[in-house]
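Text of the file work_4.cif, holding mmCIF, N, CA and C atoms:
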```cif
data_target
#
loop_
_atom_site.group_PDB
_atom_site.id
_atom_site.type_symbol
_atom_site.label_atom_id
_atom_site.label_comp_id
_atom_site.auth_asym_id
_atom_site.auth_seq_id
_atom_site.Cartn_x
_atom_site.Cartn_y
_atom_site.Cartn_z
ATOM 1 N N MET H 1308 12.911 0.598 9.633
ATOM 2 C CA MET H 1308 11.795 -0.321 9.701
ATOM 3 C C MET H 1308 11.691 -0.858 11.122
ATOM 4 N N PHE H 1309 10.475 -0.974 11.568
ATOM 5 C CA PHE H 1309 10.198 -1.484 12.908
ATOM 6 C C PHE H 1309 10.235 -2.999 12.897
ATOM 7 N N THR H 1310 10.945 -3.563 13.836
ATOM 8 C CA THR H 1310 10.923 -5.012 14.029
ATOM 9 C C THR H 1310 10.742 -5.259 15.514
ATOM 10 N N GLY H 1311 9.963 -6.201 15.841
ATOM 11 C CA GLY H 1311 9.711 -6.504 17.239
ATOM 12 C C GLY H 1311 8.468 -7.357 17.349
ATOM 13 N N GLY H 1312 8.128 -7.690 18.554
ATOM 14 C CA GLY H 1312 6.990 -8.548 18.787
ATOM 15 C C GLY H 1312 5.663 -7.993 18.318
ATOM 16 N N HIS H 1313 5.567 -6.686 18.240
ATOM 17 C CA HIS H 1313 4.318 -6.057 17.841
ATOM 18 C C HIS H 1313 4.330 -5.590 16.391
ATOM 19 N N ALA H 1314 5.309 -6.028 15.629
ATOM 20 C CA ALA H 1314 5.437 -5.595 14.233
ATOM 21 C C ALA H 1314 4.175 -5.871 13.414
ATOM 22 N N PRO H 1315 3.570 -7.062 13.506
ATOM 23 C CA PRO H 1315 2.349 -7.289 12.723
ATOM 24 C C PRO H 1315 1.216 -6.332 13.086
ATOM 25 N N ARG H 1316 1.087 -6.007 14.364
ATOM 26 C CA ARG H 1316 0.050 -5.050 14.785
ATOM 27 C C ARG H 1316 0.342 -3.664 14.218
ATOM 28 N N LEU H 1317 1.603 -3.262 14.281
ATOM 29 C CA LEU H 1317 1.988 -1.969 13.741
ATOM 30 C C LEU H 1317 1.689 -1.914 12.240
ATOM 31 N N ALA H 1318 2.025 -2.978 11.530
ATOM 32 C CA ALA H 1318 1.762 -3.018 10.090
ATOM 33 C C ALA H 1318 0.270 -2.874 9.819
ATOM 34 N N HIS H 1319 -0.540 -3.555 10.591
ATOM 35 C CA HIS H 1319 -1.991 -3.486 10.425
ATOM 36 C C HIS H 1319 -2.497 -2.060 10.662
ATOM 37 N N ILE H 1320 -2.016 -1.431 11.722
ATOM 38 C CA ILE H 1320 -2.437 -0.064 12.043
ATOM 39 C C ILE H 1320 -1.987 0.906 10.953
ATOM 40 N N LEU H 1321 -0.761 0.759 10.471
ATOM 41 C CA LEU H 1321 -0.272 1.635 9.405
ATOM 42 C C LEU H 1321 -1.111 1.483 8.136
ATOM 43 N N ALA H 1322 -1.488 0.247 7.825
ATOM 44 C CA ALA H 1322 -2.315 0.009 6.634
ATOM 45 C C ALA H 1322 -3.687 0.663 6.780
ATOM 46 N N ILE H 1323 -4.285 0.544 7.948
ATOM 47 C CA ILE H 1323 -5.584 1.166 8.195
ATOM 48 C C ILE H 1323 -5.472 2.687 8.108
ATOM 49 N N LEU H 1324 -4.441 3.240 8.737
ATOM 50 C CA LEU H 1324 -4.230 4.688 8.706
ATOM 51 C C LEU H 1324 -4.077 5.182 7.266
ATOM 52 N N ALA H 1325 -3.271 4.496 6.501
ATOM 53 C CA ALA H 1325 -3.031 4.913 5.115
ATOM 54 C C ALA H 1325 -4.303 4.845 4.281
ATOM 55 N N ARG H 1326 -5.062 3.780 4.432
ATOM 56 C CA ARG H 1326 -6.294 3.654 3.652
ATOM 57 C C ARG H 1326 -7.287 4.740 4.060
ATOM 58 N N ALA H 1327 -7.289 5.128 5.328
ATOM 59 C CA ALA H 1327 -8.154 6.229 5.764
ATOM 60 C C ALA H 1327 -7.687 7.546 5.152
ATOM 61 N N GLN H 1328 -6.379 7.750 5.092
ATOM 62 C CA GLN H 1328 -5.844 8.971 4.484
ATOM 63 C C GLN H 1328 -6.262 9.078 3.024
ATOM 64 N N VAL H 1329 -6.190 7.979 2.300
ATOM 65 C CA VAL H 1329 -6.606 7.974 0.889
ATOM 66 C C VAL H 1329 -8.103 8.239 0.797
ATOM 67 N N GLY H 1330 -8.857 7.649 1.698
ATOM 68 C CA GLY H 1330 -10.304 7.831 1.704
ATOM 69 C C GLY H 1330 -10.748 9.260 1.948
ATOM 70 N N LEU H 1331 -9.896 10.056 2.570
ATOM 71 C CA LEU H 1331 -10.234 11.458 2.815
ATOM 72 C C LEU H 1331 -10.148 12.300 1.543
ATOM 73 N N GLY H 1332 -9.550 11.765 0.517
ATOM 74 C CA GLY H 1332 -9.444 12.495 -0.743
ATOM 75 C C GLY H 1332 -8.063 13.067 -0.954
ATOM 76 N N TYR H 1333 -7.859 13.559 -2.156
ATOM 77 C CA TYR H 1333 -6.533 14.004 -2.556
ATOM 78 C C TYR H 1333 -6.059 15.246 -1.815
ATOM 79 N N GLN H 1334 -4.875 15.131 -1.321
ATOM 80 C CA GLN H 1334 -4.062 16.226 -0.821
ATOM 81 C C GLN H 1334 -2.634 15.677 -0.920
ATOM 82 N N ALA H 1335 -1.755 16.383 -1.599
ATOM 83 C CA ALA H 1335 -0.427 15.864 -1.914
ATOM 84 C C ALA H 1335 0.296 15.315 -0.683
ATOM 85 N N GLU H 1336 0.352 16.061 0.385
ATOM 86 C CA GLU H 1336 1.069 15.610 1.583
ATOM 87 C C GLU H 1336 0.399 14.389 2.212
ATOM 88 N N ARG H 1337 -0.933 14.357 2.171
ATOM 89 C CA ARG H 1337 -1.664 13.222 2.733
ATOM 90 C C ARG H 1337 -1.361 11.952 1.935
ATOM 91 N N PHE H 1338 -1.326 12.077 0.610
ATOM 92 C CA PHE H 1338 -1.045 10.913 -0.226
ATOM 93 C C PHE H 1338 0.395 10.446 -0.051
ATOM 94 N N LYS H 1339 1.329 11.374 0.133
ATOM 95 C CA LYS H 1339 2.718 10.994 0.382
ATOM 96 C C LYS H 1339 2.835 10.238 1.703
ATOM 97 N N ALA H 1340 2.114 10.708 2.705
ATOM 98 C CA ALA H 1340 2.125 10.032 4.005
ATOM 99 C C ALA H 1340 1.489 8.653 3.902
ATOM 100 N N ALA H 1341 0.399 8.552 3.168
ATOM 101 C CA ALA H 1341 -0.263 7.252 2.981
ATOM 102 C C ALA H 1341 0.670 6.276 2.271
ATOM 103 N N GLU H 1342 1.361 6.756 1.261
ATOM 104 C CA GLU H 1342 2.307 5.905 0.537
ATOM 105 C C GLU H 1342 3.401 5.404 1.480
ATOM 106 N N ALA H 1343 3.961 6.296 2.274
ATOM 107 C CA ALA H 1343 5.014 5.909 3.214
ATOM 108 C C ALA H 1343 4.494 4.888 4.222
ATOM 109 N N ASN H 1344 3.285 5.096 4.723
ATOM 110 C CA ASN H 1344 2.709 4.156 5.693
ATOM 111 C C ASN H 1344 2.482 2.780 5.080
ATOM 112 N N LEU H 1345 1.951 2.754 3.872
ATOM 113 C CA LEU H 1345 1.682 1.465 3.222
ATOM 114 C C LEU H 1345 2.967 0.731 2.876
ATOM 115 N N VAL H 1346 3.951 1.441 2.395
ATOM 116 C CA VAL H 1346 5.228 0.805 2.052
ATOM 117 C C VAL H 1346 5.895 0.249 3.306
ATOM 118 N N GLU H 1347 5.861 1.017 4.399
ATOM 119 C CA GLU H 1347 6.441 0.517 5.641
ATOM 120 C C GLU H 1347 5.677 -0.701 6.155
ATOM 121 N N ALA H 1348 4.370 -0.618 6.161
ATOM 122 C CA ALA H 1348 3.557 -1.746 6.623
ATOM 123 C C ALA H 1348 3.839 -2.985 5.784
ATOM 124 N N TYR H 1349 3.934 -2.804 4.489
ATOM 125 C CA TYR H 1349 4.172 -3.925 3.582
ATOM 126 C C TYR H 1349 5.537 -4.554 3.820
ATOM 127 N N SER H 1350 6.518 -3.743 4.198
ATOM 128 C CA SER H 1350 7.855 -4.288 4.442
ATOM 129 C C SER H 1350 7.933 -5.051 5.767
ATOM 130 N N ILE H 1351 7.027 -4.778 6.677
ATOM 131 C CA ILE H 1351 7.029 -5.415 7.991
ATOM 132 C C ILE H 1351 6.320 -6.769 7.977
ATOM 133 N N VAL H 1352 5.204 -6.826 7.304
ATOM 134 C CA VAL H 1352 4.290 -7.967 7.422
ATOM 135 C C VAL H 1352 4.755 -9.154 6.572
ATOM 136 N N PRO H 1353 4.580 -10.377 7.088
ATOM 137 C CA PRO H 1353 4.893 -11.555 6.274
ATOM 138 C C PRO H 1353 3.988 -11.614 5.041
ATOM 139 N N PRO H 1354 4.483 -12.152 3.930
ATOM 140 C CA PRO H 1354 3.710 -12.120 2.688
ATOM 141 C C PRO H 1354 2.422 -12.920 2.717
ATOM 142 N N THR H 1355 2.237 -13.793 3.682
ATOM 143 C CA THR H 1355 1.021 -14.600 3.726
ATOM 144 C C THR H 1355 -0.077 -13.982 4.584
ATOM 145 N N LYS H 1356 0.188 -12.886 5.208
ATOM 146 C CA LYS H 1356 -0.793 -12.269 6.091
ATOM 147 C C LYS H 1356 -1.823 -11.477 5.306
ATOM 148 N N SER H 1357 -3.018 -11.368 5.874
ATOM 149 C CA SER H 1357 -4.058 -10.576 5.236
ATOM 150 C C SER H 1357 -3.679 -9.101 5.178
ATOM 151 N N THR H 1358 -2.806 -8.670 6.081
ATOM 152 C CA THR H 1358 -2.345 -7.282 6.034
ATOM 153 C C THR H 1358 -1.557 -7.013 4.763
ATOM 154 N N ALA H 1359 -0.824 -8.003 4.265
ATOM 155 C CA ALA H 1359 -0.094 -7.831 3.002
ATOM 156 C C ALA H 1359 -1.078 -7.575 1.867
ATOM 157 N N LEU H 1360 -2.176 -8.320 1.855
ATOM 158 C CA LEU H 1360 -3.205 -8.079 0.835
ATOM 159 C C LEU H 1360 -3.830 -6.691 0.993
ATOM 160 N N ALA H 1361 -4.059 -6.282 2.232
ATOM 161 C CA ALA H 1361 -4.624 -4.949 2.471
ATOM 162 C C ALA H 1361 -3.663 -3.864 1.995
ATOM 163 N N CYS H 1362 -2.367 -4.082 2.192
ATOM 164 C CA CYS H 1362 -1.371 -3.117 1.713
ATOM 165 C C CYS H 1362 -1.351 -3.063 0.190
ATOM 166 N N GLU H 1363 -1.391 -4.229 -0.435
ATOM 167 C CA GLU H 1363 -1.405 -4.270 -1.896
ATOM 168 C C GLU H 1363 -2.635 -3.550 -2.448
ATOM 169 N N GLN H 1364 -3.796 -3.828 -1.855
ATOM 170 C CA GLN H 1364 -5.022 -3.156 -2.296
ATOM 171 C C GLN H 1364 -4.940 -1.668 -2.010
ATOM 172 N N GLY H 1365 -4.417 -1.326 -0.851
ATOM 173 C CA GLY H 1365 -4.276 0.074 -0.485
ATOM 174 C C GLY H 1365 -3.367 0.837 -1.432
ATOM 175 N N LEU H 1366 -2.252 0.217 -1.821
ATOM 176 C CA LEU H 1366 -1.343 0.867 -2.769
ATOM 177 C C LEU H 1366 -1.984 0.999 -4.140
ATOM 178 N N CYS H 1367 -2.719 -0.006 -4.553
ATOM 179 C CA CYS H 1367 -3.438 0.069 -5.831
ATOM 180 C C CYS H 1367 -4.455 1.219 -5.791
ATOM 181 N N ASP H 1368 -5.221 1.294 -4.720
ATOM 182 C CA ASP H 1368 -6.220 2.361 -4.579
ATOM 183 C C ASP H 1368 -5.565 3.738 -4.497
ATOM 184 N N LEU H 1369 -4.474 3.821 -3.743
ATOM 185 C CA LEU H 1369 -3.762 5.086 -3.610
ATOM 186 C C LEU H 1369 -3.289 5.584 -4.968
ATOM 187 N N TYR H 1370 -2.596 4.722 -5.715
ATOM 188 C CA TYR H 1370 -2.047 5.159 -6.994
ATOM 189 C C TYR H 1370 -3.136 5.440 -8.028
ATOM 190 N N THR H 1371 -4.252 4.735 -7.935
ATOM 191 C CA THR H 1371 -5.376 5.027 -8.830
ATOM 192 C C THR H 1371 -5.930 6.423 -8.537
ATOM 193 N N ALA H 1372 -6.134 6.727 -7.256
ATOM 194 C CA ALA H 1372 -6.640 8.044 -6.865
ATOM 195 C C ALA H 1372 -5.623 9.135 -7.184
ATOM 196 N N TRP H 1373 -4.358 8.831 -6.977
ATOM 197 C CA TRP H 1373 -3.304 9.808 -7.231
ATOM 198 C C TRP H 1373 -3.221 10.117 -8.723
ATOM 199 N N HIS H 1374 -3.382 9.082 -9.543
ATOM 200 C CA HIS H 1374 -3.383 9.299 -10.996
ATOM 201 C C HIS H 1374 -4.560 10.188 -11.415
ATOM 202 N N ALA H 1375 -5.707 9.985 -10.800
ATOM 203 C CA ALA H 1375 -6.871 10.812 -11.124
ATOM 204 C C ALA H 1375 -6.619 12.279 -10.760
ATOM 205 N N ALA H 1376 -5.889 12.498 -9.666
ATOM 206 C CA ALA H 1376 -5.611 13.859 -9.220
ATOM 207 C C ALA H 1376 -4.428 14.495 -9.955
ATOM 208 N N GLU H 1377 -3.448 13.671 -10.323
ATOM 209 C CA GLU H 1377 -2.244 14.163 -10.986
ATOM 210 C C GLU H 1377 -1.905 13.261 -12.177
ATOM 211 N N PRO H 1378 -2.679 13.324 -13.241
ATOM 212 C CA PRO H 1378 -2.409 12.444 -14.387
ATOM 213 C C PRO H 1378 -1.056 12.747 -15.032
ATOM 214 N N GLY H 1379 -0.505 11.726 -15.663
ATOM 215 C CA GLY H 1379 0.738 11.903 -16.398
ATOM 216 C C GLY H 1379 1.996 11.824 -15.551
ATOM 217 N N LYS H 1380 1.884 11.400 -14.301
ATOM 218 C CA LYS H 1380 3.055 11.314 -13.434
ATOM 219 C C LYS H 1380 3.453 9.879 -13.117
ATOM 220 N N GLY H 1381 2.855 8.930 -13.826
ATOM 221 C CA GLY H 1381 3.239 7.532 -13.665
ATOM 222 C C GLY H 1381 2.499 6.778 -12.582
ATOM 223 N N TYR H 1382 1.535 7.417 -11.949
ATOM 224 C CA TYR H 1382 0.803 6.728 -10.890
ATOM 225 C C TYR H 1382 -0.095 5.631 -11.444
ATOM 226 N N ASP H 1383 -0.547 5.779 -12.683
ATOM 227 C CA ASP H 1383 -1.353 4.725 -13.304
ATOM 228 C C ASP H 1383 -0.530 3.465 -13.497
ATOM 229 N N THR H 1384 0.737 3.616 -13.824
ATOM 230 C CA THR H 1384 1.627 2.459 -13.986
ATOM 231 C C THR H 1384 1.837 1.761 -12.649
ATOM 232 N N LYS H 1385 2.055 2.540 -11.600
ATOM 233 C CA LYS H 1385 2.220 1.959 -10.265
ATOM 234 C C LYS H 1385 0.950 1.228 -9.834
ATOM 235 N N ALA H 1386 -0.206 1.823 -10.115
ATOM 236 C CA ALA H 1386 -1.476 1.174 -9.772
ATOM 237 C C ALA H 1386 -1.608 -0.159 -10.499
ATOM 238 N N ALA H 1387 -1.237 -0.177 -11.762
ATOM 239 C CA ALA H 1387 -1.326 -1.419 -12.552
ATOM 240 C C ALA H 1387 -0.390 -2.493 -12.004
ATOM 241 N N GLU H 1388 0.797 -2.089 -11.550
ATOM 242 C CA GLU H 1388 1.739 -3.056 -10.973
ATOM 243 C C GLU H 1388 1.166 -3.694 -9.712
ATOM 244 N N TRP H 1389 0.566 -2.883 -8.854
ATOM 245 C CA TRP H 1389 -0.014 -3.424 -7.619
ATOM 246 C C TRP H 1389 -1.268 -4.242 -7.903
ATOM 247 N N LYS H 1390 -2.024 -3.842 -8.900
ATOM 248 C CA LYS H 1390 -3.207 -4.628 -9.273
ATOM 249 C C LYS H 1390 -2.784 -5.996 -9.785
ATOM 250 N N ALA H 1391 -1.712 -6.042 -10.554
ATOM 251 C CA ALA H 1391 -1.205 -7.324 -11.058
ATOM 252 C C ALA H 1391 -0.770 -8.222 -9.902
ATOM 253 N N LYS H 1392 -0.155 -7.645 -8.875
ATOM 254 C CA LYS H 1392 0.236 -8.441 -7.710
ATOM 255 C C LYS H 1392 -0.992 -9.002 -7.008
ATOM 256 N N LEU H 1393 -2.044 -8.185 -6.917
ATOM 257 C CA LEU H 1393 -3.279 -8.639 -6.279
ATOM 258 C C LEU H 1393 -3.919 -9.792 -7.038
ATOM 259 N N GLU H 1394 -3.841 -9.724 -8.349
ATOM 260 C CA GLU H 1394 -4.491 -10.729 -9.185
ATOM 261 C C GLU H 1394 -3.632 -11.959 -9.412
ATOM 262 N N SER H 1395 -2.403 -11.942 -8.922
ATOM 263 C CA SER H 1395 -1.493 -13.073 -9.068
ATOM 264 C C SER H 1395 -2.028 -14.253 -8.265
ATOM 265 N N PRO H 1396 -1.939 -15.463 -8.832
ATOM 266 C CA PRO H 1396 -2.448 -16.635 -8.114
ATOM 267 C C PRO H 1396 -1.561 -17.066 -6.954
ATOM 268 N N SER H 1397 -0.351 -16.535 -6.856
ATOM 269 C CA SER H 1397 0.552 -16.909 -5.777
ATOM 270 C C SER H 1397 0.165 -16.191 -4.491
ATOM 271 N N THR H 1398 0.916 -16.459 -3.435
ATOM 272 C CA THR H 1398 0.663 -15.758 -2.190
ATOM 273 C C THR H 1398 0.996 -14.295 -2.385
ATOM 274 N N PRO H 1399 0.500 -13.433 -1.522
ATOM 275 C CA PRO H 1399 0.721 -12.000 -1.696
ATOM 276 C C PRO H 1399 2.191 -11.663 -1.903
ATOM 277 N N SER H 1400 2.478 -11.143 -3.027
ATOM 278 C CA SER H 1400 3.771 -10.596 -3.416
ATOM 279 C C SER H 1400 4.967 -11.211 -2.716
ATOM 280 N N GLU H 1401 5.297 -12.402 -3.138
ATOM 281 C CA GLU H 1401 6.407 -13.111 -2.525
ATOM 282 C C GLU H 1401 7.724 -12.361 -2.681
ATOM 283 N N ASP H 1402 7.828 -11.512 -3.680
ATOM 284 C CA ASP H 1402 9.084 -10.764 -3.845
ATOM 285 C C ASP H 1402 9.157 -9.570 -2.901
ATOM 286 N N LYS H 1403 8.018 -9.119 -2.363
ATOM 287 C CA LYS H 1403 7.941 -8.060 -1.364
ATOM 288 C C LYS H 1403 8.666 -6.789 -1.780
ATOM 289 N N LYS H 1404 8.616 -6.427 -3.035
ATOM 290 C CA LYS H 1404 9.242 -5.186 -3.494
ATOM 291 C C LYS H 1404 8.175 -4.146 -3.752
ATOM 292 N N PRO H 1405 8.117 -3.081 -2.904
ATOM 293 C CA PRO H 1405 7.119 -2.031 -3.133
ATOM 294 C C PRO H 1405 7.457 -1.165 -4.323
#
```
Exercise: express the given structure as C-alpha cells:
Amino acid sequence: MFTGGHAPRLAHILAILARAQVGLGYQAERFKAAEANLVEAYSIVPPTKSTALACEQGLCDLYTAWHAAEPGKGYDTKAAEWKAKLESPSTPSEDKKP
C-alpha cells in the first residue's frame, strides 16, 4: 500500500481509473484490475473523504456488472455488501474492510 504525502491524490486517481475500466464493459482481466485499484484506493483514503464514497460506489457498480457477466459466482453478494455500506447513515465504512 502506498503511503505518503500524495496518498489521497493517488487514491482518487485509482478510483477514477477503476470506474473507467468498469465503464468500458466486461472483460475478466479489466474487472480484476478495477477491483484491485478500488481496493487499494479504499485502503489509502481516510473514511471521511469523498474518495471513500466513490470507492464504495465503484465497488458496488463493479460487482453488479460482474454479476451480470458471470452470475452465480457471488458477485451479487459483494455488490449488496457495498450497497449496504453506501446506505449506512454513518461515515463511509468506518471499519474500512474491503
For CA of Pro1353 in chain H and CA of Lys1392 in chain H, quote the distance in Å rounded to one decimal.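 Answer for the CA of Pro1353 in chain H to CA of Lys1392 in chain H separation: 15.1 Å.
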Mind pulling up the distance from CA of Pro1315 in chain H to CA of Asp1383 in chain H?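 So the answer is 28.9 Å.
Residues selected in this file by the PyMOL selection byres (((chain H and resi 1347 and name CA) around 9) and name CA) comprise H:Met1308, H:Phe1309, H:Ala1318, H:Leu1321, H:Ala1322, H:Glu1342, H:Ala1343, H:Asn1344, H:Leu1345, H:Val1346, H:Ala1348, H:Tyr1349, H:Ser1350, H:Ile1351, H:Val1352.
Note on the selection: in this file the PyMOL selection byres ((chain H and resi 1370) around 8) comes out as Gln1364, Gly1365, Leu1366, Cys1367, Asp1368, Leu1369, Thr1371, Ala1372, Trp1373, His1374, Ala1375, Ala1376, Gly1381, Tyr1382, Asp1383, Thr1384, Lys1385, Ala1386 and Ala1387 of chain H.
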What does the distance from atom C of Gly1330 in chain H to atom N of Ala1391 in chain H come to in Å, to one decimal?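 If I compute the distance from atom C of Gly1330 in chain H to atom N of Ala1391 in chain H, I get 21.7 Å.
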